[in-house]
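Asks: I'd like to ask you about the structure that follows.
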Amino acid sequence: MLTTDTSFLFAELMDVVRLFGAEDADISHTFARDGVNYVNAVSSGGTVRTFSDVWHAEGELAAKRCAKRSAKLALYEFLSELTGKTFPWGALTGIRPTKMAYAELAEGRDFAPLFKKFRVCEENVNIVRRVLAEQRALYEKNRDAGEDVFVSLPFCPTKCEYCSFITAPYAAVKKYAADYAETLVKEIYSLKGTITRANSVYIGGGTPFCLENDKLERIYAAINEVCGGAEEFTVEAGRPDTFTDEKLAACKRAGVTRICVNPQTFSDETLVRIGRRHTSAQTLRAYEAAARYGFDINVDLIAGLSGETAADFARSLDTAVSLSPANVTVHSLCLKSGSRLKEEVACLRVSDIDEMIAYSRSALTAAGYEPYYLYRQKYQAGANENIGWCRPGKACAYNVDTMEEICSDIAVGAGAISKRVFGGGLRIERLASPKDIPSYLAKADEITRKRRALFA
Ligand code: SF4
């Protein structure tokens with residue numbers, strides 16, 4: 001168990017404890033500050049270390065931030081010495097490393113020294129630099145301007161073993177589908193007057209293509225009436241077994257520009273193991289069908305899936321690259337509460353994960369892709385990250401805007417979270433809709449009123 005004499009540091013320290021999987025260890029921490037000198041003492045099982053560091057901060061708020069950073073770093077060093085482990089992002093445990101980089105740049109400093117102080121490896125410092133360069137045009141265009149619109153369709157054919165999302169197997173919730181679509185359409189129409197400029201529209205899931213085409217078309221029509229003119233319109237169609245030519249044609253007619261075909265892996269054995277009921281042949285057919293309509297296509301892959309080796313992952317990545325999609329998103333497997341995987345294993349041990357990530361970076365770079373957005377989650381295999389890669393000029397605005405939180409995100413549907421962003425991300429106010437479908441249907445009007453107030 002972790003104890004500290006400084007309560008506001010507890011949460012930060014626990015992030016590092018979890019990183020090392022040291023939740024069961026007895027660790028004691030004390031903190032003291034004398035001007036610019038920050039001193040953290042850590043002890044566990046007879047080992048005692050004191051870490052003194054100099055941090056320059058103006059004002060109490062900044063001093064508190066430095067205290068958190070110094071404590072995190074001290075505990076990282078301590079546990080690293082004790083266990084012999086290091087991690088690619090060092091003591092950085094936040095979801096958005098790029099935000100930290102932008103904050104440094106805003107202060108007129110390069111971010112590399114701070115990242116290196118946090119023991120972030122050179123390779124990751126370079127990846128962040130490449131992400132910032134690739135997303136710059138969108139970042140400058142959308143920062144503090146316009147809104148993104150997210151539409152939630154939380155239905156899937158079956159549940160994947162690693163999924164903690166609210167989505168339910170479609171057969172179990174189909175009885176709500178008609179009401180859901182109607183309520184959603186009403187919510188979308190309620191956004192008239194709230195949207196000043198739709199930077200992008202993103203229909204996500206779940207697996208939006210689970211829904212019948214007539215319902216999807218009603219949703220597209222409402223979106224076009226309310227958000228007409230958005231340059232980017234993504235449908236995260238999802239699982240290849242839900243693709244039909246009719247649905248793709250409807251997307252084309254509705255002005256959809258980007259479609260996600262999400263194989264996760266091209267290994268049929270793995271697909272069975274992780275609870276997806278499509279095959280890699282279906283993925284290839286779905287991809288070809290979507291490509292015929294000229295959509296920008298995103299392909300999602302996951303590194304570290306149950307039972308996969310580095311060679312398995314490399315085969316999937318090579319197959320994805322051979323299709324030449326506009327975007328490839330590489331996720332590191334994540335152990336999430338509420339997933340079947342979490343019930344089965346206490347912690348993720350994917351021995352080849354670093355090799356998989358290294359391969360994805362070198363193969364995608366060699367194929368002409370650049371990383372354009374990046375985020376991390378708690379409990380990711382090898383404490384790695386998720387990276388969206390794009391062909392030149394094909395960065396997805398929705399992903400950049402929402403990941404960097406540079407403009408407001410207006411979200412409708414069950415489990416959707418609207419964010420009003422002030423000052424290009426300096427302050428954010430949120431509004432969450434109920435996650436389960438019956439509660440959402442019951443509270444949609446109330447949510448609409450609250451959203452109007454949030455964006456008034
Ligand atoms: S397709 Fe996505 S949302 Fe649906 S069960 Fe699988 S991981 Fe969850």
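For the structure tokens, the naming scheme is as follows: chains receive sequential letters (A, B, ...) according to their order of presentation, residues are indexed from 1 within each chain, and ligands are indexed from 1 in presentation order.
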Counting only C-alpha atoms and all ligand atoms, which residues of chain A sit at most 8 Å from some atom of ligand 1, and what is each one's closest atom pair with its distance in Å to one decimal, listed by chain and rising residue number, as JSON lines?
Replies:
{"residue": "A:Pro154", "atom": "CA", "partner": "ligand 1", "partner_atom_place_in_ligand_line": "3 (S)", "distance": 7.1}
{"residue": "A:Phe155", "atom": "CA", "partner": "ligand 1", "partner_atom_place_in_ligand_line": "4 (Fe)", "distance": 6.9}
{"residue": "A:Cys156", "atom": "CA", "partner": "ligand 1", "partner_atom_place_in_ligand_line": "4 (Fe)", "distance": 4.7}
{"residue": "A:Pro157", "atom": "CA", "partner": "ligand 1", "partner_atom_place_in_ligand_line": "4 (Fe)", "distance": 7.3}
{"residue": "A:Thr158", "atom": "CA", "partner": "ligand 1", "partner_atom_place_in_ligand_line": "5 (S)", "distance": 5.9}
{"residue": "A:Lys159", "atom": "CA", "partner": "ligand 1", "partner_atom_place_in_ligand_line": "5 (S)", "distance": 3.8}
{"residue": "A:Cys160", "atom": "CA", "partner": "ligand 1", "partner_atom_place_in_ligand_line": "6 (Fe)", "distance": 4.2}
{"residue": "A:Glu161", "atom": "CA", "partner": "ligand 1", "partner_atom_place_in_ligand_line": "6 (Fe)", "distance": 7.6}
{"residue": "A:Tyr162", "atom": "CA", "partner": "ligand 1", "partner_atom_place_in_ligand_line": "7 (S)", "distance": 6.6}
{"residue": "A:Cys163", "atom": "CA", "partner": "ligand 1", "partner_atom_place_in_ligand_line": "8 (Fe)", "distance": 4.4}
{"residue": "A:Ser164", "atom": "CA", "partner": "ligand 1", "partner_atom_place_in_ligand_line": "8 (Fe)", "distance": 6.6}
{"residue": "A:Phe165", "atom": "CA", "partner": "ligand 1", "partner_atom_place_in_ligand_line": "8 (Fe)", "distance": 5.5}
{"residue": "A:Ile166", "atom": "CA", "partner": "ligand 1", "partner_atom_place_in_ligand_line": "3 (S)", "distance": 7.7}
{"residue": "A:Thr167", "atom": "CA", "partner": "ligand 1", "partner_atom_place_in_ligand_line": "3 (S)", "distance": 5.8}
{"residue": "A:Ala168", "atom": "CA", "partner": "ligand 1", "partner_atom_place_in_ligand_line": "5 (S)", "distance": 7.5}
{"residue": "A:Pro169", "atom": "CA", "partner": "ligand 1", "partner_atom_place_in_ligand_line": "5 (S)", "distance": 7.8}
{"residue": "A:Gly205", "atom": "CA", "partner": "ligand 1", "partner_atom_place_in_ligand_line": "3 (S)", "distance": 5.7}
{"residue": "A:Gly206", "atom": "CA", "partner": "ligand 1", "partner_atom_place_in_ligand_line": "3 (S)", "distance": 3.7}
{"residue": "A:Thr207", "atom": "CA", "partner": "ligand 1", "partner_atom_place_in_ligand_line": "4 (Fe)", "distance": 5.8}
{"residue": "A:Gly238", "atom": "CA", "partner": "ligand 1", "partner_atom_place_in_ligand_line": "1 (S)", "distance": 6.5}
{"residue": "A:Arg239", "atom": "CA", "partner": "ligand 1", "partner_atom_place_in_ligand_line": "1 (S)", "distance": 6.3}
{"residue": "A:Asn262", "atom": "CA", "partner": "ligand 1", "partner_atom_place_in_ligand_line": "1 (S)", "distance": 7.9}
{"residue": "A:Arg276", "atom": "CA", "partner": "ligand 1", "partner_atom_place_in_ligand_line": "6 (Fe)", "distance": 7.2}
Asks: Restricting it to N, CA and C atoms, dump the selection as an mmCIF file, in the first residue's frame.
Replies:
data_model
loop_
_atom_site.group_PDB
_atom_site.id
_atom_site.type_symbol
_atom_site.label_atom_id
_atom_site.label_comp_id
_atom_site.auth_asym_id
_atom_site.auth_seq_id
_atom_site.Cartn_x
_atom_site.Cartn_y
_atom_site.Cartn_z
ATOM 1 N N PRO A 154 -24.213 2.997 -30.253
ATOM 2 C CA PRO A 154 -23.542 1.982 -29.420
ATOM 3 C C PRO A 154 -24.064 0.561 -29.633
ATOM 4 N N PHE A 155 -23.986 0.080 -30.834
ATOM 5 C CA PHE A 155 -24.425 -1.286 -31.145
ATOM 6 C C PHE A 155 -23.279 -2.056 -31.775
ATOM 7 N N CYS A 156 -23.169 -3.333 -31.460
ATOM 8 C CA CYS A 156 -22.147 -4.187 -32.092
ATOM 9 C C CYS A 156 -22.727 -5.581 -32.313
ATOM 10 N N PRO A 157 -22.195 -6.317 -33.276
ATOM 11 C CA PRO A 157 -22.724 -7.673 -33.503
ATOM 12 C C PRO A 157 -22.475 -8.592 -32.302
ATOM 13 N N THR A 158 -21.265 -8.520 -31.744
ATOM 14 C CA THR A 158 -20.902 -9.295 -30.545
ATOM 15 C C THR A 158 -19.947 -8.423 -29.745
ATOM 16 N N LYS A 159 -19.592 -8.865 -28.566
ATOM 17 C CA LYS A 159 -18.675 -8.050 -27.752
ATOM 18 C C LYS A 159 -17.246 -8.607 -27.836
ATOM 19 N N CYS A 160 -16.287 -7.755 -28.156
ATOM 20 C CA CYS A 160 -14.881 -8.186 -28.212
ATOM 21 C C CYS A 160 -14.362 -8.399 -26.783
ATOM 22 N N GLU A 161 -13.404 -9.291 -26.635
ATOM 23 C CA GLU A 161 -12.971 -9.658 -25.283
ATOM 24 C C GLU A 161 -12.319 -8.505 -24.507
ATOM 25 N N TYR A 162 -11.754 -7.536 -25.233
ATOM 26 C CA TYR A 162 -11.035 -6.447 -24.570
ATOM 27 C C TYR A 162 -11.919 -5.214 -24.392
ATOM 28 N N CYS A 163 -13.190 -5.311 -24.776
ATOM 29 C CA CYS A 163 -14.040 -4.116 -24.827
ATOM 30 C C CYS A 163 -14.753 -3.835 -23.503
ATOM 31 N N SER A 164 -14.668 -2.580 -23.066
ATOM 32 C CA SER A 164 -15.383 -2.175 -21.853
ATOM 33 C C SER A 164 -16.455 -1.153 -22.207
ATOM 34 N N PHE A 165 -16.601 -0.916 -23.496
ATOM 35 C CA PHE A 165 -17.539 0.096 -23.969
ATOM 36 C C PHE A 165 -18.969 -0.339 -23.636
ATOM 37 N N ILE A 166 -19.889 0.641 -23.604
ATOM 38 C CA ILE A 166 -21.274 0.345 -23.232
ATOM 39 C C ILE A 166 -22.017 -0.475 -24.266
ATOM 40 N N THR A 167 -21.388 -0.673 -25.419
ATOM 41 C CA THR A 167 -22.083 -1.316 -26.521
ATOM 42 C C THR A 167 -22.657 -2.675 -26.128
ATOM 43 N N ALA A 168 -23.836 -2.998 -26.707
ATOM 44 C CA ALA A 168 -24.463 -4.289 -26.398
ATOM 45 C C ALA A 168 -24.625 -5.060 -27.695
ATOM 46 N N PRO A 169 -24.571 -6.400 -27.633
ATOM 47 C CA PRO A 169 -24.829 -7.172 -28.853
ATOM 48 C C PRO A 169 -26.159 -6.741 -29.454
ATOM 49 N N GLY A 205 -19.022 4.319 -32.822
ATOM 50 C CA GLY A 205 -19.724 3.262 -32.093
ATOM 51 C C GLY A 205 -18.893 2.758 -30.956
ATOM 52 N N GLY A 206 -19.041 1.521 -30.749
ATOM 53 C CA GLY A 206 -19.823 0.570 -31.489
ATOM 54 C C GLY A 206 -19.509 0.367 -32.961
ATOM 55 N N THR A 207 -20.508 -0.167 -33.588
ATOM 56 C CA THR A 207 -20.440 -0.507 -34.995
ATOM 57 C C THR A 207 -21.653 0.121 -35.673
ATOM 58 N N GLY A 238 -17.202 0.169 -39.017
ATOM 59 C CA GLY A 238 -16.786 -0.798 -38.010
ATOM 60 C C GLY A 238 -16.483 -2.169 -38.542
ATOM 61 N N ARG A 239 -17.196 -3.150 -38.022
ATOM 62 C CA ARG A 239 -16.835 -4.531 -38.326
ATOM 63 C C ARG A 239 -17.183 -4.904 -39.764
ATOM 64 N N ASN A 262 -12.583 -1.805 -39.601
ATOM 65 C CA ASN A 262 -11.768 -2.149 -38.435
ATOM 66 C C ASN A 262 -11.503 -3.649 -38.314
ATOM 67 N N ARG A 276 -14.697 -11.814 -32.168
ATOM 68 C CA ARG A 276 -15.280 -11.152 -33.354
ATOM 69 C C ARG A 276 -15.661 -12.245 -34.336
#
Asks: Name the residues in contact with Tyr359 (chain A) at a cut-off of 10 Å, using only C-alpha atoms, excluding same-chain residues fewer than 5 positions from it; report them as an MDAnalysis selection string.
Replies: chainID A and resid 310:311 313:314 317:318 353:354 364:365
Asks: Please produce a file of the residues just selected, as a PDB file, in the first residue's frame, where the atoms kept are N, CA, C and O atoms.
Replies:
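In the end it all went to part31.pdb:
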ATOM      1  N   ALA A 310       4.888 -11.327 -32.466  1.00  0.00           N
ATOM      2  CA  ALA A 310       5.316 -10.169 -33.265  1.00  0.00           C
ATOM      3  C   ALA A 310       5.147 -10.465 -34.751  1.00  0.00           C
ATOM      4  O   ALA A 310       4.762  -9.584 -35.532  1.00  0.00           O
ATOM      5  N   ALA A 311       5.390 -11.716 -35.149  1.00  0.00           N
ATOM      6  CA  ALA A 311       5.254 -12.082 -36.572  1.00  0.00           C
ATOM      7  C   ALA A 311       3.785 -12.000 -37.006  1.00  0.00           C
ATOM      8  O   ALA A 311       3.489 -11.533 -38.116  1.00  0.00           O
ATOM      9  N   PHE A 313       1.474 -10.038 -35.758  1.00  0.00           N
ATOM     10  CA  PHE A 313       1.121  -8.621 -35.858  1.00  0.00           C
ATOM     11  C   PHE A 313       1.717  -8.008 -37.126  1.00  0.00           C
ATOM     12  O   PHE A 313       1.050  -7.246 -37.841  1.00  0.00           O
ATOM     13  N   ALA A 314       2.977  -8.376 -37.411  1.00  0.00           N
ATOM     14  CA  ALA A 314       3.640  -7.823 -38.604  1.00  0.00           C
ATOM     15  C   ALA A 314       2.876  -8.214 -39.871  1.00  0.00           C
ATOM     16  O   ALA A 314       2.723  -7.397 -40.790  1.00  0.00           O
ATOM     17  N   LEU A 317      -0.112  -5.962 -40.110  1.00  0.00           N
ATOM     18  CA  LEU A 317       0.271  -4.606 -40.493  1.00  0.00           C
ATOM     19  C   LEU A 317       0.636  -4.555 -41.979  1.00  0.00           C
ATOM     20  O   LEU A 317       0.216  -3.638 -42.707  1.00  0.00           O
ATOM     21  N   ASP A 318       1.394  -5.550 -42.436  1.00  0.00           N
ATOM     22  CA  ASP A 318       1.786  -5.574 -43.856  1.00  0.00           C
ATOM     23  C   ASP A 318       0.553  -5.668 -44.751  1.00  0.00           C
ATOM     24  O   ASP A 318       0.493  -5.033 -45.804  1.00  0.00           O
ATOM     25  N   ILE A 353       5.351  -6.927 -27.257  1.00  0.00           N
ATOM     26  CA  ILE A 353       4.675  -5.665 -27.577  1.00  0.00           C
ATOM     27  C   ILE A 353       5.641  -4.588 -28.087  1.00  0.00           C
ATOM     28  O   ILE A 353       5.328  -3.874 -29.047  1.00  0.00           O
ATOM     29  N   ASP A 354       6.814  -4.481 -27.466  1.00  0.00           N
ATOM     30  CA  ASP A 354       7.736  -3.423 -27.922  1.00  0.00           C
ATOM     31  C   ASP A 354       8.194  -3.681 -29.352  1.00  0.00           C
ATOM     32  O   ASP A 354       8.339  -2.753 -30.156  1.00  0.00           O
ATOM     33  N   LEU A 364       5.321   1.589 -41.245  1.00  0.00           N
ATOM     34  CA  LEU A 364       4.431   2.657 -41.711  1.00  0.00           C
ATOM     35  C   LEU A 364       5.233   3.850 -42.224  1.00  0.00           C
ATOM     36  O   LEU A 364       4.869   4.472 -43.228  1.00  0.00           O
ATOM     37  N   THR A 365       6.331   4.157 -41.546  1.00  0.00           N
ATOM     38  CA  THR A 365       7.177   5.259 -42.013  1.00  0.00           C
ATOM     39  C   THR A 365       7.736   4.926 -43.397  1.00  0.00           C
ATOM     40  O   THR A 365       7.706   5.762 -44.311  1.00  0.00           O
TER      41      THR A 365
END
Asks: Kindly indicate which residue among A:Ala71, A:Leu92, A:Ala101, A:Leu216 lies nearest to Val131 (chain A), using only C-alpha atoms for the distances.
Replies: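 Between A:Ala71, A:Leu92, A:Ala101, A:Leu216, the residue approaching Val131 (chain A) most closely is A:Ala101.
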Asks: Quick one, how far is CA of Lys378 (chain A) from CA of Lys419 (chain A)?
Replies: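 Interatomic distance, CA of Lys378 (chain A) to CA of Lys419 (chain A): 21.4 Å.
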Asks: Enumerate the residues of region 243-391 of chain A with a DSSP assignment of strand (DSSP E), computed from the backbone, and present them as a count of residues only.
Replies: 32
